[in-house]
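J.: structure.pdb is reproduced in full below (PDB, C-alpha atoms).
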ATOM      1  CA  MET A   1     147.531 -40.995  -2.048  1.00  0.00           C
ATOM      2  CA  LYS A   2     148.119 -43.763   0.496  1.00  0.00           C
ATOM      3  CA  LYS A   3     150.928 -45.148  -1.668  1.00  0.00           C
ATOM      4  CA  ILE A   4     152.679 -41.769  -1.685  1.00  0.00           C
ATOM      5  CA  MET A   5     152.370 -41.507   2.092  1.00  0.00           C
ATOM      6  CA  LEU A   6     153.730 -45.032   2.547  1.00  0.00           C
ATOM      7  CA  VAL A   7     156.683 -44.452   0.202  1.00  0.00           C
ATOM      8  CA  SER A   8     157.475 -41.132   1.916  1.00  0.00           C
ATOM      9  CA  LEU A   9     157.373 -42.748   5.342  1.00  0.00           C
ATOM     10  CA  ILE A  10     159.689 -45.553   4.209  1.00  0.00           C
ATOM     11  CA  LEU A  11     162.158 -43.047   2.722  1.00  0.00           C
ATOM     12  CA  LEU A  12     162.078 -40.976   5.886  1.00  0.00           C
ATOM     13  CA  LEU A  13     162.784 -44.023   8.050  1.00  0.00           C
ATOM     14  CA  LEU A  14     165.620 -45.128   5.760  1.00  0.00           C
ATOM     15  CA  PHE A  15     167.395 -41.779   5.986  1.00  0.00           C
ATOM     16  CA  LEU A  16     166.686 -41.046   9.656  1.00  0.00           C
ATOM     17  CA  PRO A  17     169.850 -42.887  10.852  1.00  0.00           C
ATOM     18  CA  VAL A  18     171.895 -40.821   8.355  1.00  0.00           C
ATOM     19  CA  ALA A  19     170.596 -37.609   9.914  1.00  0.00           C
ATOM     20  CA  GLN A  20     171.183 -38.948  13.439  1.00  0.00           C
ATOM     21  CA  ALA A  21     174.801 -39.836  12.635  1.00  0.00           C
ATOM     22  CA  GLU A  22     175.477 -36.098  12.778  1.00  0.00           C
ATOM     23  CA  MET A  23     175.139 -36.360  16.586  1.00  0.00           C
ATOM     24  CA  VAL A  24     178.774 -37.484  16.978  1.00  0.00           C
ATOM     25  CA  GLU A  25     181.941 -35.733  15.849  1.00  0.00           C
ATOM     26  CA  VAL A  26     185.447 -36.993  16.595  1.00  0.00           C
ATOM     27  CA  SER A  27     188.554 -35.221  15.302  1.00  0.00           C
ATOM     28  CA  ARG A  28     192.281 -35.841  15.597  1.00  0.00           C
ATOM     29  CA  THR A  29     195.229 -33.438  15.741  1.00  0.00           C
ATOM     30  CA  VAL A  30     198.826 -34.705  15.786  1.00  0.00           C
ATOM     31  CA  LYS A  31     201.664 -32.500  17.060  1.00  0.00           C
ATOM     32  CA  ASN A  32     205.365 -33.333  16.954  1.00  0.00           C
ATOM     33  CA  ILE A  33     206.979 -32.965  20.382  1.00  0.00           C
ATOM     34  CA  ASN A  34     210.426 -34.012  19.115  1.00  0.00           C
ATOM     35  CA  ASN A  35     211.862 -36.240  16.375  1.00  0.00           C
ATOM     36  CA  THR A  36     210.421 -39.459  17.805  1.00  0.00           C
ATOM     37  CA  VAL A  37     207.501 -38.422  20.048  1.00  0.00           C
ATOM     38  CA  LYS A  38     204.127 -37.182  18.861  1.00  0.00           C
ATOM     39  CA  GLU A  39     201.167 -35.968  20.893  1.00  0.00           C
ATOM     40  CA  VAL A  40     197.761 -36.956  19.561  1.00  0.00           C
ATOM     41  CA  GLU A  41     194.621 -35.152  20.660  1.00  0.00           C
ATOM     42  CA  LEU A  42     191.209 -36.672  20.005  1.00  0.00           C
ATOM     43  CA  ALA A  43     188.341 -34.227  20.554  1.00  0.00           C
ATOM     44  CA  TYR A  44     184.815 -35.619  20.691  1.00  0.00           C
ATOM     45  CA  ASN A  45     181.496 -33.828  20.770  1.00  0.00           C
ATOM     46  CA  THR A  46     178.123 -35.582  20.987  1.00  0.00           C
ATOM     47  CA  SER A  47     174.492 -34.834  21.545  1.00  0.00           C
ATOM     48  CA  ASP A  48     173.247 -35.432  25.065  1.00  0.00           C
ATOM     49  CA  ARG A  49     171.417 -38.555  23.892  1.00  0.00           C
ATOM     50  CA  ILE A  50     174.591 -40.553  23.214  1.00  0.00           C
ATOM     51  CA  VAL A  51     175.271 -42.783  26.232  1.00  0.00           C
ATOM     52  CA  GLY A  52     178.241 -44.825  24.984  1.00  0.00           C
ATOM     53  CA  LEU A  53     181.196 -43.991  22.732  1.00  0.00           C
ATOM     54  CA  ILE A  54     184.127 -46.182  21.687  1.00  0.00           C
ATOM     55  CA  ILE A  55     187.052 -44.476  19.980  1.00  0.00           C
ATOM     56  CA  ILE A  56     189.459 -46.754  18.120  1.00  0.00           C
ATOM     57  CA  GLU A  57     192.832 -45.718  16.709  1.00  0.00           C
ATOM     58  CA  ASN A  58     194.784 -48.008  14.372  1.00  0.00           C
ATOM     59  CA  LEU A  59     198.439 -47.237  14.880  1.00  0.00           C
ATOM     60  CA  PRO A  60     201.193 -48.170  12.441  1.00  0.00           C
ATOM     61  CA  ASP A  61     203.253 -51.184  13.559  1.00  0.00           C
ATOM     62  CA  SER A  62     206.295 -49.051  14.398  1.00  0.00           C
ATOM     63  CA  TRP A  63     204.354 -46.779  16.809  1.00  0.00           C
ATOM     64  CA  LYS A  64     204.075 -47.348  20.559  1.00  0.00           C
ATOM     65  CA  VAL A  65     201.785 -45.534  23.033  1.00  0.00           C
ATOM     66  CA  ILE A  66     203.875 -44.128  25.902  1.00  0.00           C
ATOM     67  CA  ASP A  67     201.210 -42.098  27.740  1.00  0.00           C
ATOM     68  CA  SER A  68     197.439 -41.649  27.634  1.00  0.00           C
ATOM     69  CA  LYS A  69     194.792 -39.695  29.518  1.00  0.00           C
ATOM     70  CA  PRO A  70     192.343 -41.332  30.033  1.00  0.00           C
ATOM     71  CA  PRO A  71     193.698 -44.903  30.165  1.00  0.00           C
ATOM     72  CA  TYR A  72     193.264 -47.077  27.076  1.00  0.00           C
ATOM     73  CA  SER A  73     193.106 -50.739  26.105  1.00  0.00           C
ATOM     74  CA  PHE A  74     195.321 -52.236  23.414  1.00  0.00           C
ATOM     75  CA  ASN A  75     194.666 -55.278  21.230  1.00  0.00           C
ATOM     76  CA  ASP A  76     196.080 -56.266  17.809  1.00  0.00           C
ATOM     77  CA  GLY A  77     197.357 -52.805  16.922  1.00  0.00           C
ATOM     78  CA  GLU A  78     194.149 -51.062  18.020  1.00  0.00           C
ATOM     79  CA  VAL A  79     194.100 -48.523  20.824  1.00  0.00           C
ATOM     80  CA  LYS A  80     190.598 -48.162  22.319  1.00  0.00           C
ATOM     81  CA  TRP A  81     188.909 -45.792  24.727  1.00  0.00           C
ATOM     82  CA  LEU A  82     185.444 -46.380  26.175  1.00  0.00           C
ATOM     83  CA  ILE A  83     183.440 -43.358  27.263  1.00  0.00           C
ATOM     84  CA  LYS A  84     180.050 -43.949  28.849  1.00  0.00           C
ATOM     85  CA  ASP A  85     177.516 -41.951  30.804  1.00  0.00           C
ATOM     86  CA  PRO A  86     173.872 -43.016  31.279  1.00  0.00           C
ATOM     87  CA  ASN A  87     172.949 -39.318  31.512  1.00  0.00           C
ATOM     88  CA  GLY A  88     174.509 -38.564  28.110  1.00  0.00           C
ATOM     89  CA  ILE A  89     178.031 -37.819  26.921  1.00  0.00           C
ATOM     90  CA  LYS A  90     178.724 -34.190  26.040  1.00  0.00           C
ATOM     91  CA  SER A  91     182.238 -33.465  24.865  1.00  0.00           C
ATOM     92  CA  GLY A  92     185.776 -34.230  25.887  1.00  0.00           C
ATOM     93  CA  VAL A  93     189.377 -34.682  24.892  1.00  0.00           C
ATOM     94  CA  ILE A  94     191.649 -37.707  24.872  1.00  0.00           C
ATOM     95  CA  LYS A  95     195.391 -37.003  24.777  1.00  0.00           C
ATOM     96  CA  TYR A  96     198.013 -39.614  24.175  1.00  0.00           C
ATOM     97  CA  GLN A  97     201.653 -39.710  23.194  1.00  0.00           C
ATOM     98  CA  VAL A  98     203.304 -42.135  20.830  1.00  0.00           C
ATOM     99  CA  LYS A  99     206.884 -42.972  20.047  1.00  0.00           C
ATOM    100  CA  SER A 100     207.371 -43.291  16.307  1.00  0.00           C
ATOM    101  CA  GLU A 101     210.351 -43.638  14.044  1.00  0.00           C
ATOM    102  CA  LYS A 102     208.491 -42.999  10.796  1.00  0.00           C
ATOM    103  CA  GLY A 103     205.934 -40.449   9.651  1.00  0.00           C
ATOM    104  CA  GLU A 104     203.195 -42.987   8.980  1.00  0.00           C
ATOM    105  CA  LYS A 105     199.543 -42.054   9.243  1.00  0.00           C
ATOM    106  CA  ILE A 106     197.037 -42.998  11.955  1.00  0.00           C
ATOM    107  CA  THR A 107     193.546 -44.133  11.018  1.00  0.00           C
ATOM    108  CA  GLY A 108     190.617 -44.361  13.361  1.00  0.00           C
ATOM    109  CA  GLU A 109     186.923 -44.800  13.847  1.00  0.00           C
ATOM    110  CA  TRP A 110     184.247 -44.293  16.463  1.00  0.00           C
ATOM    111  CA  LYS A 111     181.183 -46.271  17.485  1.00  0.00           C
ATOM    112  CA  ALA A 112     178.333 -44.758  19.472  1.00  0.00           C
ATOM    113  CA  ILE A 113     175.120 -45.909  21.064  1.00  0.00           C
ATOM    114  CA  HIS A 114     172.042 -43.704  21.415  1.00  0.00           C
ATOM    115  CA  TYR A 115     169.907 -43.930  24.559  1.00  0.00           C
ATOM    116  CA  ASN A 116     167.189 -45.682  22.494  1.00  0.00           C
ATOM    117  CA  GLY A 117     169.625 -48.463  21.495  1.00  0.00           C
ATOM    118  CA  SER A 118     170.435 -47.212  17.978  1.00  0.00           C
ATOM    119  CA  LYS A 119     174.069 -47.672  16.988  1.00  0.00           C
ATOM    120  CA  PHE A 120     176.155 -45.353  14.827  1.00  0.00           C
ATOM    121  CA  GLU A 121     179.716 -45.388  13.589  1.00  0.00           C
ATOM    122  CA  GLY A 122     182.035 -43.199  11.583  1.00  0.00           C
ATOM    123  CA  GLU A 123     185.610 -42.255  10.828  1.00  0.00           C
ATOM    124  CA  ILE A 124     187.744 -39.884  12.868  1.00  0.00           C
ATOM    125  CA  GLN A 125     188.359 -36.633  11.020  1.00  0.00           C
ATOM    126  CA  ASP A 126     192.072 -35.847  10.837  1.00  0.00           C
ATOM    127  CA  LEU A 127     192.556 -32.094  11.312  1.00  0.00           C
ATOM    128  CA  THR A 128     196.343 -32.381  11.065  1.00  0.00           C
ATOM    129  CA  THR A 129     196.236 -32.724   7.292  1.00  0.00           C
ATOM    130  CA  SER A 130     193.480 -30.103   6.944  1.00  0.00           C
ATOM    131  CA  SER A 131     191.509 -32.385   4.660  1.00  0.00           C
ATOM    132  CA  PRO A 132     188.034 -31.009   3.914  1.00  0.00           C
ATOM    133  CA  GLN A 133     185.174 -32.957   5.428  1.00  0.00           C
ATOM    134  CA  SER A 134     182.777 -34.571   2.989  1.00  0.00           C
ATOM    135  CA  PRO A 135     179.335 -32.937   3.067  1.00  0.00           C
ATOM    136  CA  GLY A 136     177.692 -36.308   2.271  1.00  0.00           C
ATOM    137  CA  PHE A 137     175.573 -36.839   5.384  1.00  0.00           C
ATOM    138  CA  SER A 138     174.536 -33.211   5.750  1.00  0.00           C
ATOM    139  CA  LEU A 139     173.584 -32.890   2.095  1.00  0.00           C
ATOM    140  CA  ILE A 140     171.512 -36.079   2.080  1.00  0.00           C
ATOM    141  CA  ALA A 141     169.713 -35.103   5.295  1.00  0.00           C
ATOM    142  CA  ALA A 142     168.974 -31.611   3.953  1.00  0.00           C
ATOM    143  CA  LEU A 143     167.653 -32.956   0.643  1.00  0.00           C
ATOM    144  CA  MET A 144     165.426 -35.485   2.408  1.00  0.00           C
ATOM    145  CA  GLY A 145     164.064 -32.782   4.710  1.00  0.00           C
ATOM    146  CA  PHE A 146     163.375 -30.497   1.750  1.00  0.00           C
ATOM    147  CA  ALA A 147     161.609 -33.283  -0.174  1.00  0.00           C
ATOM    148  CA  PHE A 148     159.527 -34.106   2.892  1.00  0.00           C
ATOM    149  CA  LEU A 149     158.462 -30.456   3.284  1.00  0.00           C
ATOM    150  CA  ILE A 150     157.413 -30.297  -0.367  1.00  0.00           C
ATOM    151  CA  TRP A 151     155.414 -33.482   0.053  1.00  0.00           C
ATOM    152  CA  ILE A 152     153.657 -32.085   3.162  1.00  0.00           C
ATOM    153  CA  LYS A 153     152.808 -28.851   1.338  1.00  0.00           C
ATOM    154  CA  ARG A 154     151.335 -30.764  -1.618  1.00  0.00           C
ATOM    155  CA  TYR A 155     149.485 -33.177   0.666  1.00  0.00           C
ATOM    156  CA  TRP A 156     147.832 -30.398   2.660  1.00  0.00           C
ATOM    157  CA  ARG A 157     146.967 -28.449  -0.496  1.00  0.00           C
ATOM    158  CA  GLY A 158     145.124 -31.520  -1.822  1.00  0.00           C
ATOM    159  CA  GLN A 159     142.933 -31.758   1.305  1.00  0.00           C
TER
END
Could you quickly redo this structure as C-alpha coordinates?

T.:
Amino acid sequence: MKKIMLVSLILLLLFLPVAQAEMVEVSRTVKNINNTVKEVELAYNTSDRIVGLIIIENLPDSWKVIDSKPPYSFNDGEVKWLIKDPNGIKSGVIKYQVKSEKGEKITGEWKAIHYNGSKFEGEIQDLTTSSPQSPGFSLIAALMGFAFLIWIKRYWRGQ
(Lines of atoms letter the chains of each structure in order from A and count residues from 1; the text may use other names and numbers.)
(Lines give C-alpha, C1' and ligand atoms only; values in the text may rest on other atoms or scores of the structure.)
Protein backbone atom coordinates (compact mmCIF):
# COMPACT_ATOMS: atom_id res chain seq x y z
CA MET A 1 0.00 0.00 0.00
CA LYS A 2 2.88 2.37 0.77
CA LYS A 3 4.34 1.70 -2.68
CA ILE A 4 1.06 2.69 -4.34
CA MET A 5 0.90 5.89 -2.30
CA LEU A 6 4.51 6.74 -3.17
CA VAL A 7 4.02 6.09 -6.90
CA SER A 8 0.80 8.15 -6.90
CA LEU A 9 2.52 11.03 -5.14
CA ILE A 10 5.40 10.97 -7.63
CA LEU A 11 2.99 10.95 -10.59
CA LEU A 12 1.02 13.81 -9.09
CA LEU A 13 4.17 15.89 -8.60
CA LEU A 14 5.35 15.14 -12.14
CA PHE A 15 2.11 16.35 -13.71
CA LEU A 16 1.46 19.29 -11.38
CA PRO A 17 3.50 21.73 -13.55
CA VAL A 18 1.47 20.60 -16.59
CA ALA A 19 -1.75 21.54 -14.82
CA GLN A 20 -0.27 24.85 -13.63
CA ALA A 21 0.78 25.79 -17.17
CA GLU A 22 -2.91 26.43 -17.82
CA MET A 23 -2.54 29.62 -15.73
CA VAL A 24 -1.21 31.61 -18.71
CA GLU A 25 -2.82 32.19 -22.09
CA VAL A 26 -1.35 34.42 -24.79
CA SER A 27 -3.00 34.83 -28.20
CA ARG A 28 -2.17 36.80 -31.32
CA THR A 29 -4.40 38.44 -33.93
CA VAL A 30 -2.94 40.10 -37.04
CA LYS A 31 -4.95 42.67 -39.02
CA ASN A 32 -3.92 44.27 -42.30
CA ILE A 33 -4.09 48.07 -42.13
CA ASN A 34 -2.90 48.51 -45.73
CA ASN A 35 -0.69 46.65 -48.21
CA THR A 36 2.49 47.06 -46.16
CA VAL A 37 1.37 47.72 -42.56
CA LYS A 38 -0.09 45.16 -40.19
CA GLU A 39 -1.39 45.63 -36.66
CA VAL A 40 -0.63 42.81 -34.25
CA GLU A 41 -2.57 42.40 -31.03
CA LEU A 42 -1.25 40.15 -28.28
CA ALA A 43 -3.83 39.42 -25.57
CA TYR A 44 -2.63 37.81 -22.35
CA ASN A 45 -4.59 36.42 -19.45
CA THR A 46 -3.02 34.94 -16.31
CA SER A 47 -3.94 33.77 -12.87
CA ASP A 48 -3.30 36.26 -10.10
CA ARG A 49 -0.32 34.20 -8.93
CA ILE A 50 1.82 34.98 -11.99
CA VAL A 51 4.18 37.84 -11.09
CA GLY A 52 6.34 38.02 -14.23
CA LEU A 53 5.60 37.47 -17.93
CA ILE A 54 7.91 37.80 -20.93
CA ILE A 55 6.31 37.76 -24.37
CA ILE A 56 8.65 37.12 -27.29
CA GLU A 57 7.76 37.51 -30.96
CA ASN A 58 10.07 36.25 -33.71
CA LEU A 59 9.52 38.45 -36.72
CA PRO A 60 10.52 37.54 -40.27
CA ASP A 61 13.67 39.33 -41.46
CA SER A 62 11.73 41.61 -43.81
CA TRP A 63 9.44 42.95 -41.04
CA LYS A 64 10.11 46.09 -39.01
CA VAL A 65 8.26 47.30 -35.89
CA ILE A 66 7.06 50.88 -36.43
CA ASP A 67 4.95 51.36 -33.28
CA SER A 68 4.29 49.52 -30.02
CA LYS A 69 2.26 50.05 -26.86
CA PRO A 70 3.78 49.27 -24.41
CA PRO A 71 7.42 49.83 -25.42
CA TYR A 72 9.47 46.79 -26.42
CA SER A 73 13.08 45.66 -26.62
CA PHE A 74 14.61 44.24 -29.79
CA ASN A 75 17.54 41.85 -30.14
CA ASP A 76 18.49 39.44 -32.97
CA GLY A 77 15.08 39.44 -34.62
CA GLU A 78 13.20 39.00 -31.33
CA VAL A 79 10.75 41.59 -30.05
CA LYS A 80 10.25 41.28 -26.27
CA TRP A 81 7.87 42.74 -23.73
CA LEU A 82 8.32 42.36 -19.97
CA ILE A 83 5.23 42.55 -17.79
CA LYS A 84 5.69 42.32 -14.04
CA ASP A 85 3.62 42.97 -10.95
CA PRO A 86 4.50 41.62 -7.48
CA ASN A 87 0.77 41.59 -6.67
CA GLY A 88 -0.01 39.36 -9.68
CA ILE A 89 -0.60 40.01 -13.36
CA LYS A 90 -4.21 39.75 -14.51
CA SER A 91 -4.78 40.40 -18.18
CA GLY A 92 -3.80 42.92 -20.80
CA VAL A 93 -3.18 43.70 -24.43
CA ILE A 94 -0.04 44.59 -26.34
CA LYS A 95 -0.55 46.29 -29.71
CA TYR A 96 2.18 46.85 -32.22
CA GLN A 97 2.44 47.69 -35.89
CA VAL A 98 4.88 46.25 -38.38
CA LYS A 99 5.88 47.19 -41.87
CA SER A 100 6.10 44.10 -44.05
CA GLU A 101 6.54 43.49 -47.73
CA LYS A 102 5.70 39.78 -47.64
CA GLY A 103 2.98 37.71 -46.01
CA GLU A 104 5.34 35.70 -43.83
CA LYS A 105 4.22 34.27 -40.51
CA ILE A 106 5.12 35.44 -37.00
CA THR A 107 6.03 32.92 -34.32
CA GLY A 108 6.17 33.60 -30.63
CA GLU A 109 6.43 32.27 -27.13
CA TRP A 110 5.86 33.35 -23.56
CA LYS A 111 7.70 32.71 -20.31
CA ALA A 112 6.10 33.21 -16.91
CA ILE A 113 7.13 33.05 -13.29
CA HIS A 114 4.77 32.03 -10.48
CA TYR A 115 4.99 33.79 -7.11
CA ASN A 116 6.52 30.60 -5.63
CA GLY A 117 9.40 30.71 -8.16
CA SER A 118 8.08 28.06 -10.57
CA LYS A 119 8.70 28.86 -14.22
CA PHE A 120 6.43 28.06 -17.16
CA GLU A 121 6.62 28.64 -20.88
CA GLY A 122 4.50 28.07 -23.94
CA GLU A 123 3.72 29.13 -27.48
CA ILE A 124 1.54 32.06 -28.48
CA GLN A 125 -1.73 30.89 -29.99
CA ASP A 126 -2.32 32.51 -33.38
CA LEU A 127 -6.03 33.36 -33.70
CA THR A 128 -5.55 34.90 -37.15
CA THR A 129 -5.33 31.50 -38.82
CA SER A 130 -8.11 30.04 -36.64
CA SER A 131 -6.01 26.98 -35.90
CA PRO A 132 -7.59 24.77 -33.23
CA GLN A 133 -5.75 24.66 -29.94
CA SER A 134 -4.35 21.30 -28.92
CA PRO A 135 -6.16 19.85 -25.90
CA GLY A 136 -2.91 18.19 -24.71
CA PHE A 137 -2.40 19.92 -21.36
CA SER A 138 -6.06 19.95 -20.40
CA LEU A 139 -6.55 16.29 -21.29
CA ILE A 140 -3.48 15.14 -19.36
CA ALA A 141 -4.45 17.19 -16.30
CA ALA A 142 -8.02 15.84 -16.39
CA LEU A 143 -6.85 12.23 -16.74
CA MET A 144 -4.39 12.61 -13.86
CA GLY A 145 -7.09 14.15 -11.67
CA PHE A 146 -9.50 11.33 -12.53
CA ALA A 147 -6.88 8.66 -11.78
CA PHE A 148 -6.07 10.35 -8.48
CA LEU A 149 -9.76 10.39 -7.47
CA ILE A 150 -10.09 6.69 -8.27
CA TRP A 151 -7.01 5.95 -6.21
CA ILE A 152 -8.40 7.94 -3.24
CA LYS A 153 -11.73 6.11 -3.46
CA ARG A 154 -9.99 2.71 -3.48
CA TYR A 155 -7.61 3.73 -0.70
CA TRP A 156 -10.41 4.86 1.60
CA ARG A 157 -12.50 1.78 0.82
CA GLY A 158 -9.58 -0.42 1.92
CA GLN A 159 -9.36 1.30 5.33

J.: For the atom pair CA of Val26 in chain A and CA of Glu109 in chain A, what is the interatomic distance in Å to one decimal place?

T.: 8.4 Å

J.: Enumerate, as a ChimeraX atom specification, the residues matched when the PyMOL selection byres ((chain A and resi 84-91) around 7) is run on the file above.

T.: /A:44-53,82-83,92

J.: Name the residues that the PyMOL selection byres ((chain A and resi 125-127) around 12) picks from the file above, as a PyMOL selection string, using the file's chain letters and numbers.

T.: chain A and resi 24-31+40-44+55+57+105-110+122-124+128-134

J.: From the set A:Trp63, A:Tyr72, A:Tyr155, A:Phe148, which residue has the shortest atom-to-atom contact distance to Val98 in chain A, counting all atoms listed in the file?

T.: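 Among the listed residues, A:Trp63 lies closest to Val98 in chain A.
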
J.: Please report the interatomic distance between CA of Lys119 in chain A and CA of Asp67 in chain A in Å with one decimal.

T.: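 These two atoms are separated by 29.7 Å.
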
J.: CA of Glu101 in chain A to CA of Glu39 in chain A: how many Å, to one decimal?

T.: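 Straight-line distance from CA of Glu101 in chain A to CA of Glu39 in chain A works out to 13.8 Å.
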
J.: Considering only C-alpha atoms, state which residue in the set A:Asn58, A:Ala112, A:Glu104, A:Glu121 is at the smallest distance from Gly77 in chain A.

T.: A:Asn58

J.: Considering all atoms listed in the file, can you say which of A:Arg154, A:Lys80, A:Lys111, A:Lys64 comes closest to Thr36 in chain A?

T.: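 Closest residue, counting all atoms listed in the file: A:Lys64.
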
J.: Here is a test: counting only C-alpha atoms, which residue of A:Tyr96, A:Lys69, A:Asp76, A:Asp61 is nearest to Val37 in chain A?

T.: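 Of all the options, A:Tyr96 lies closest to Val37 in chain A.
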
J.: Hey, which of A:Ser100, A:Pro60, A:Ile54, A:Asn75 ends up closest to Ile33 in chain A? Count all atoms listed in the file.

T.: A:Ser100

J.: Specify the axis-aligned box that encloses all atoms of range 40-44 of chain A listed in the file after padding of 4 Å on each side, stating its centre and edge lengths in Å to one decimal as lines of an AutoDock Vina configuration file.

T.:
center_x = 191.3
center_y = -35.6
center_z = 20.1
size_x = 20.9
size_y = 10.7
size_z = 9.1

J.: Calculated over all atoms listed in the file, which of the candidates A:Gln97, A:Lys153, A:Met144, A:Pro70 has the smallest distance to Asn32 in chain A?

T.: A:Gln97
